[in-house]
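A.B. asks: Just dropping this structure here.
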Amino acid sequence: MVTVTGNTEQVIAIDIGTTGVKTALIDRNGNILARNHVKYPTYHKEKQIEQDPDDWWKACVQSFQSLSEKVARNRLAGIILTGQMQDLIPVSYDAKTNQREHISNAILYSDTRATEETVEIRRLLGEEKLAELTGNIIDETSIPAKLLWLKKNKKEVYSSAQYILLGAHDYISWKLTGKPRCDYTNASTTSLLSIQNNTWAEEILSALGLKTDLLPELVPSQQCDGNLAPDMAELLNLPAGTPVFHGCGDVGSNTVGANAGESGSFSCYLGTSGWIAATTGSVMVNPRTGIFNLRHPDPSKIIQVGPMLTAGGNVDWAINVCFENRSIRDVYKEFNTEASKASPGCRGLVYLPYLAGERSPFKDPEALGCFVGLDTSTRRSDLFRAVLEGVAFGMRSIIEVISKSTGDVPGILTVSGGGARLPVWCQILSDVFECTVQIQENAETAGLLGLVVILGKELGWYSDYSLPPGFLRIKDRYFPEDEKSKTYRALYSVFRDLYPSLKPAFKRLRNIQKTV
């Protein structure tokens with residue numbers, strides 16, 4: 001165990017996200033002392049979306065080594081993790097060689113291959129019963145459906161797996177400490193956690209003929225999974241004995257880090273995927289809305305979250321199409337300038353942001369993205385702005401569902417993630433949501449700051465899950481403008497009508513895509 005001295009303890013916070021690993025060295029006052037970002041690829045094949053966990057591990061090792069020279073070794077309180085949730089990661093352990101390895105690629109949260117298995121599960125157990133038990137929906141992205149798919153289609157992998165880990169940070173903690181564990185926030189995304197009892201709902205696995213001993217141990221976000229062994233510490237160039245705290249899934253850490261960790265508060269995350277999250281004290285069970293009930297790092301609270309499968313990913317798509325052979329990060333400023341040239345509403349152009357289907361406020365893996373309202377006067381700037389407005393409309397539709405459940409409406413909404421780097425998007429969000437939008441400094445690292453608060457609460461540094469005063473550093477605030485909001489109210493009414501009207505066409509187009 002490392003002895004921590006001084007009053008400026010440090011934490012290494014790490015986020016194993018969809019596009020890469022973000023790591024930061026942060027002191028207990030919320031100062032980011034060093035940080036880095038290492039990317040890795042994603043593998044797409046129709047509805048199948050995978051990553052190689054070895055890419056995660058290599059990126060984490062590189063990140064730890066990069067930060068190690070900045071660490072005050074006698075003041076390092078520990079490592080704490082977060083990351084993408086609801087992944088399916090089969091792993092095994094070789095006691096002879098002391099090797100911990102994955103035995104196939106990770107099937108990601110956004111993967112929708114398990115269509116037939118979802119139908120089978122609903123038929124066997126009933127959608128309403130499953131929602132009542134787990135607090136969440138069963139769909140093609142759910143872990144029971146993916147497990148059933150694995151058992152049917154990858155029998156050797158299924159039979160040889162000692163554990164099925166369920167999140168990227170679960171995997172990295174296992175590599176660091178050897179403890180196969182899952183935090184309650186991540187577990188509550190899987191449709192396998194009994195939301196009332198905080199235990200695995202083994203009756204679901206039993207009813208489906210799946211092995212019940214595959215699941216990892218459930219732990220709170222503050223759980224210390226172990227300490228860095230000497231050989232691991234040498235690899236990472238960190239002090240031997242450094243505690244490794246499990247942390248929580250990324251919605252939990254971002255909710256706290258975006259200052260929405262207390263009841264009645266909302267946050268918006270704009271990464272490759274995105275979500276609207278609200279902290280409350282109660283569970284809302286309504287399978288048709290796609291709203292998830294997640295365990296908050298504080299066991300007395302619930303995070304109601306509406307996920308968008310593709311949020312900032314729509315911007316990445318537009319940039320890749322229009323700015324070939326150029327870095328997405330380099331083009332963001334140019335994209336923002338171009339989008340700002342178009343007028344609000346883009347002269348009647350509406351974009352549906354469903355490039356990978358959608359989960360909330362409706363669930364439909366066959367939904368598609370599209371522009372509606374193109375004519376000969378449409379310019380590139382209209383297309384860019386319409387993409388931003390379409391995501392904002394999708395987010396508003398999620399806010400409306402959550403507000404109906406909780407009775408709360410956002411007065412001030414903190415936006416985090418890479419999308420917060422686009423000023424024109426932030427103003428659009430304010431005008432569409434009709435509330436104040438605020439952007440933190442280092443908005444892309446809000447989840448990492450949330451991890452420090454979660455750990456600091458456990459270590460007695462802070463009294464609750466609100467951001468301490470020194471942490472909440474606001475870079476920009478955006479206020480709704482009446483005329484723009486009026487335009488967006490009219491356009492939003494069209495946006496809401498488009499998906500139901502186009503749903504039959506989406507299904508037919510998906511069938512055509514399979515044949516060409």
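Chain lettering (A, B, ...) mirrors the order of the structure tokens, residue numbering begins at 1 for each chain separately, and ligand numbering begins at 1 in order of display.
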Taking 3 positions as the minimum chain separation for residues in the same chain, which residues sit within 12 Å of A:Lys507 when counting only C-alpha atoms? Answer as an NGL selection string.
C.D. replies: :A and (357 or 364-368 or 499-504 or 510-514)
A.B. asks: Store the residues picked out above, limited to C-alpha atoms, as a PDB file, in the first residue's frame.
C.D. replies:
```pdb
ATOM      1  CA  GLY A 357     -30.465   2.942 -35.436  1.00  0.00           C
ATOM      2  CA  ASP A 364     -35.405   0.737 -33.527  1.00  0.00           C
ATOM      3  CA  PRO A 365     -32.152  -0.778 -34.806  1.00  0.00           C
ATOM      4  CA  GLU A 366     -33.416  -0.336 -38.377  1.00  0.00           C
ATOM      5  CA  ALA A 367     -33.873   3.445 -38.199  1.00  0.00           C
ATOM      6  CA  LEU A 368     -31.662   5.346 -40.641  1.00  0.00           C
ATOM      7  CA  TYR A 499     -39.625   9.016 -37.867  1.00  0.00           C
ATOM      8  CA  PRO A 500     -43.109   7.430 -37.574  1.00  0.00           C
ATOM      9  CA  SER A 501     -43.795   8.359 -41.191  1.00  0.00           C
ATOM     10  CA  LEU A 502     -40.504   6.950 -42.470  1.00  0.00           C
ATOM     11  CA  LYS A 503     -40.306   3.844 -40.288  1.00  0.00           C
ATOM     12  CA  PRO A 504     -41.783   1.480 -42.946  1.00  0.00           C
ATOM     13  CA  ARG A 510     -32.476  -2.127 -44.455  1.00  0.00           C
ATOM     14  CA  ASN A 511     -33.664  -5.258 -46.262  1.00  0.00           C
ATOM     15  CA  ILE A 512     -32.309  -3.898 -49.543  1.00  0.00           C
ATOM     16  CA  GLN A 513     -28.964  -3.092 -47.887  1.00  0.00           C
ATOM     17  CA  LYS A 514     -28.560  -6.778 -47.011  1.00  0.00           C
TER      18      LYS A 514
END
```
A.B. asks: List as a PyMOL selection string the protein and nucleic acid residues near A:Thr115, meaning an atom at most 9 Å away when only C-alpha atoms are counted, but skip any in the same chain fewer than 5 places from it.
C.D. replies: chain A and resi 120+139-141+145+149+365
A.B. asks: Could you write out the selected residues, including C-alpha atoms, as a PDB file, in the first residue's frame?
C.D. replies:
```pdb
ATOM      1  CA  GLU A 120     -36.740 -15.278 -28.426  1.00  0.00           C
ATOM      2  CA  ASP A 139     -33.288  -5.109 -27.093  1.00  0.00           C
ATOM      3  CA  GLU A 140     -30.650  -6.216 -29.577  1.00  0.00           C
ATOM      4  CA  THR A 141     -27.902  -4.425 -27.633  1.00  0.00           C
ATOM      5  CA  ALA A 145     -29.374 -11.304 -26.250  1.00  0.00           C
ATOM      6  CA  TRP A 149     -26.041 -15.158 -29.738  1.00  0.00           C
ATOM      7  CA  PRO A 365     -32.152  -0.778 -34.806  1.00  0.00           C
TER       8      PRO A 365
END
```
A.B. asks: Would you pick out the contacts of A:Val437 at 7 Å or less, using only C-alpha atoms, so that residues sharing its chain but fewer than 5 positions from it are not included, and give the list as a PyMOL selection string?
C.D. replies: chain A and resi 412-415+426+430+477-479
A.B. asks: Using the selection just defined, write its residues with C-alpha atoms as an mmCIF file, in the first residue's frame.
C.D. replies:
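Listing of part28.cif after writing:
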```
data_model
loop_
_atom_site.group_PDB
_atom_site.id
_atom_site.type_symbol
_atom_site.label_atom_id
_atom_site.label_comp_id
_atom_site.auth_asym_id
_atom_site.auth_seq_id
_atom_site.Cartn_x
_atom_site.Cartn_y
_atom_site.Cartn_z
ATOM 1 C CA ILE A 412 -29.178 24.990 -16.556
ATOM 2 C CA LEU A 413 -27.744 22.107 -18.576
ATOM 3 C CA THR A 414 -24.055 21.227 -18.434
ATOM 4 C CA VAL A 415 -22.765 19.826 -21.739
ATOM 5 C CA CYS A 426 -23.803 24.806 -27.958
ATOM 6 C CA SER A 430 -29.614 26.308 -25.805
ATOM 7 C CA ARG A 477 -22.527 30.022 -21.080
ATOM 8 C CA TYR A 478 -25.141 30.114 -23.838
ATOM 9 C CA PHE A 479 -28.604 31.607 -23.411
#
```
A.B. asks: Please build the interface table for stretch 133-159 of chain A against stretch 103-109 of chain A with a cut-off of 10 Å, listing for each qualifying residue the nearest atom pair and the distance in Å to one decimal; count only C-alpha atoms, order rows by chain and increasing number, and write it as a tab-separated table.
C.D. replies:
```
residue	atom	partner	partner_atom	distance
A:Glu140	CA	A:Tyr109	CA	9.5
A:Thr141	CA	A:Tyr109	CA	5.9
A:Ser142	CA	A:Tyr109	CA	7.7
A:Ile143	CA	A:Tyr109	CA	8.6
A:Lys146	CA	A:Ile107	CA	8.1
A:Leu150	CA	A:Ile107	CA	9.8
A:Lys154	CA	A:Ser104	CA	9.5
A:Glu156	CA	A:Ile103	CA	9.8
A:Val157	CA	A:Ile103	CA	6.7
A:Tyr158	CA	A:Ile103	CA	9.4
```
A.B. asks: Create the file for the chosen residues now, containing N, CA and C atoms and written as a PDB file, in the first residue's frame.
C.D. replies:
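And here's selection-v6.pdb as it stands now:
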```pdb
ATOM      1  N   GLU A 140     -31.748  -5.519 -28.900  1.00  0.00           N
ATOM      2  CA  GLU A 140     -30.650  -6.216 -29.577  1.00  0.00           C
ATOM      3  C   GLU A 140     -29.286  -5.899 -28.977  1.00  0.00           C
ATOM      4  N   THR A 141     -29.184  -4.796 -28.239  1.00  0.00           N
ATOM      5  CA  THR A 141     -27.902  -4.425 -27.633  1.00  0.00           C
ATOM      6  C   THR A 141     -27.720  -5.029 -26.237  1.00  0.00           C
ATOM      7  N   SER A 142     -28.759  -5.643 -25.694  1.00  0.00           N
ATOM      8  CA  SER A 142     -28.722  -6.122 -24.312  1.00  0.00           C
ATOM      9  C   SER A 142     -27.815  -7.333 -24.162  1.00  0.00           C
ATOM     10  N   ILE A 143     -27.230  -7.469 -22.991  1.00  0.00           N
ATOM     11  CA  ILE A 143     -26.290  -8.564 -22.747  1.00  0.00           C
ATOM     12  C   ILE A 143     -26.955  -9.945 -22.842  1.00  0.00           C
ATOM     13  N   LYS A 146     -27.004 -10.838 -26.473  1.00  0.00           N
ATOM     14  CA  LYS A 146     -25.659 -11.073 -27.004  1.00  0.00           C
ATOM     15  C   LYS A 146     -25.087 -12.390 -26.484  1.00  0.00           C
ATOM     16  N   LEU A 150     -23.881 -15.507 -28.669  1.00  0.00           N
ATOM     17  CA  LEU A 150     -22.550 -16.104 -28.520  1.00  0.00           C
ATOM     18  C   LEU A 150     -22.653 -17.615 -28.333  1.00  0.00           C
ATOM     19  N   LYS A 154     -20.881 -18.861 -31.513  1.00  0.00           N
ATOM     20  CA  LYS A 154     -19.462 -18.975 -31.169  1.00  0.00           C
ATOM     21  C   LYS A 154     -19.329 -19.947 -29.996  1.00  0.00           C
ATOM     22  N   GLU A 156     -17.388 -22.399 -29.200  1.00  0.00           N
ATOM     23  CA  GLU A 156     -16.083 -22.629 -28.580  1.00  0.00           C
ATOM     24  C   GLU A 156     -15.704 -21.476 -27.651  1.00  0.00           C
ATOM     25  N   VAL A 157     -15.979 -20.264 -28.086  1.00  0.00           N
ATOM     26  CA  VAL A 157     -15.691 -19.101 -27.249  1.00  0.00           C
ATOM     27  C   VAL A 157     -16.551 -19.137 -25.984  1.00  0.00           C
ATOM     28  N   TYR A 158     -17.833 -19.422 -26.152  1.00  0.00           N
ATOM     29  CA  TYR A 158     -18.750 -19.454 -25.009  1.00  0.00           C
ATOM     30  C   TYR A 158     -18.338 -20.516 -23.997  1.00  0.00           C
TER      31      TYR A 158
END
```
A.B. asks: Which neighbours of A:Trp275 fall inside 8 Å, counting only C-alpha atoms, when residues of the same chain fewer than 3 positions from it are skipped, and could you give them as a ChimeraX atom specification?
C.D. replies: /A:268-270,305-308,395
A.B. asks: Can I get the selection written as a short mmCIF file (atom, residue, chain, number, x, y, z; two decimals), in the first residue's frame, with N, CA and C atoms?
C.D. replies:
```
data_model
loop_
_atom_site.label_atom_id
_atom_site.label_comp_id
_atom_site.auth_asym_id
_atom_site.auth_seq_id
_atom_site.Cartn_x
_atom_site.Cartn_y
_atom_site.Cartn_z
N CYS A 268 -25.88 16.67 -20.35
CA CYS A 268 -25.89 16.22 -21.75
C CYS A 268 -24.47 15.85 -22.14
N TYR A 269 -24.32 14.68 -22.71
CA TYR A 269 -23.00 14.24 -23.16
C TYR A 269 -23.00 14.10 -24.67
N LEU A 270 -22.02 14.71 -25.33
CA LEU A 270 -21.89 14.66 -26.78
C LEU A 270 -20.53 14.08 -27.16
N VAL A 305 -31.33 7.80 -17.82
CA VAL A 305 -30.53 8.21 -18.97
C VAL A 305 -31.19 7.75 -20.26
N GLY A 306 -31.25 8.68 -21.19
CA GLY A 306 -31.73 8.36 -22.53
C GLY A 306 -30.57 8.40 -23.49
N PRO A 307 -30.14 7.24 -24.02
CA PRO A 307 -28.96 7.22 -24.89
C PRO A 307 -29.29 7.47 -26.35
N MET A 308 -28.40 8.19 -27.02
CA MET A 308 -28.42 8.30 -28.48
C MET A 308 -27.28 7.45 -29.01
N MET A 395 -32.00 14.98 -28.84
CA MET A 395 -31.77 15.16 -27.42
C MET A 395 -32.99 15.78 -26.73
#
```
A.B. asks: Please run DSSP on the backbone and report, as a ChimeraX atom specification, all residues within stretch 135-296 of chain A that come out as strand (DSSP E or B).
C.D. replies: /A:163-167,181-183,193-194,199-200,217-219,224-227,243-245,266-270,274-280,292-295
A.B. asks: Apply DSSP to the structure's backbone, then extract all residues of stretch 314-413 of chain A labelled helix (DSSP H, G or I) and return them as an NGL selection string.
C.D. replies: :A and (314-322 or 328-340 or 380-406)
A.B. asks: Return as JSON lines the residues of stretch 122-169 of chain A lying at most 8 Å from stretch 197-205 of chain A, together with the closest atom-to-atom pair for each and the distance in Å to one decimal, counting only C-alpha atoms, with rows in chain order and ascending residue number.
C.D. replies:
```
{"residue": "A:Leu125", "atom": "CA", "partner": "A:Ile204", "partner_atom": "CA", "distance": 7.9}
{"residue": "A:Leu133", "atom": "CA", "partner": "A:Ala201", "partner_atom": "CA", "distance": 7.8}
{"residue": "A:Thr134", "atom": "CA", "partner": "A:Ala201", "partner_atom": "CA", "distance": 7.8}
{"residue": "A:Pro144", "atom": "CA", "partner": "A:Leu205", "partner_atom": "CA", "distance": 7.4}
```
A.B. asks: Quick one, how far is atom CA of A:Thr112 from atom CA of A:Tyr171?
C.D. replies: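 Atom-to-atom, atom CA of A:Thr112 to atom CA of A:Tyr171, that is 21.4 Å.
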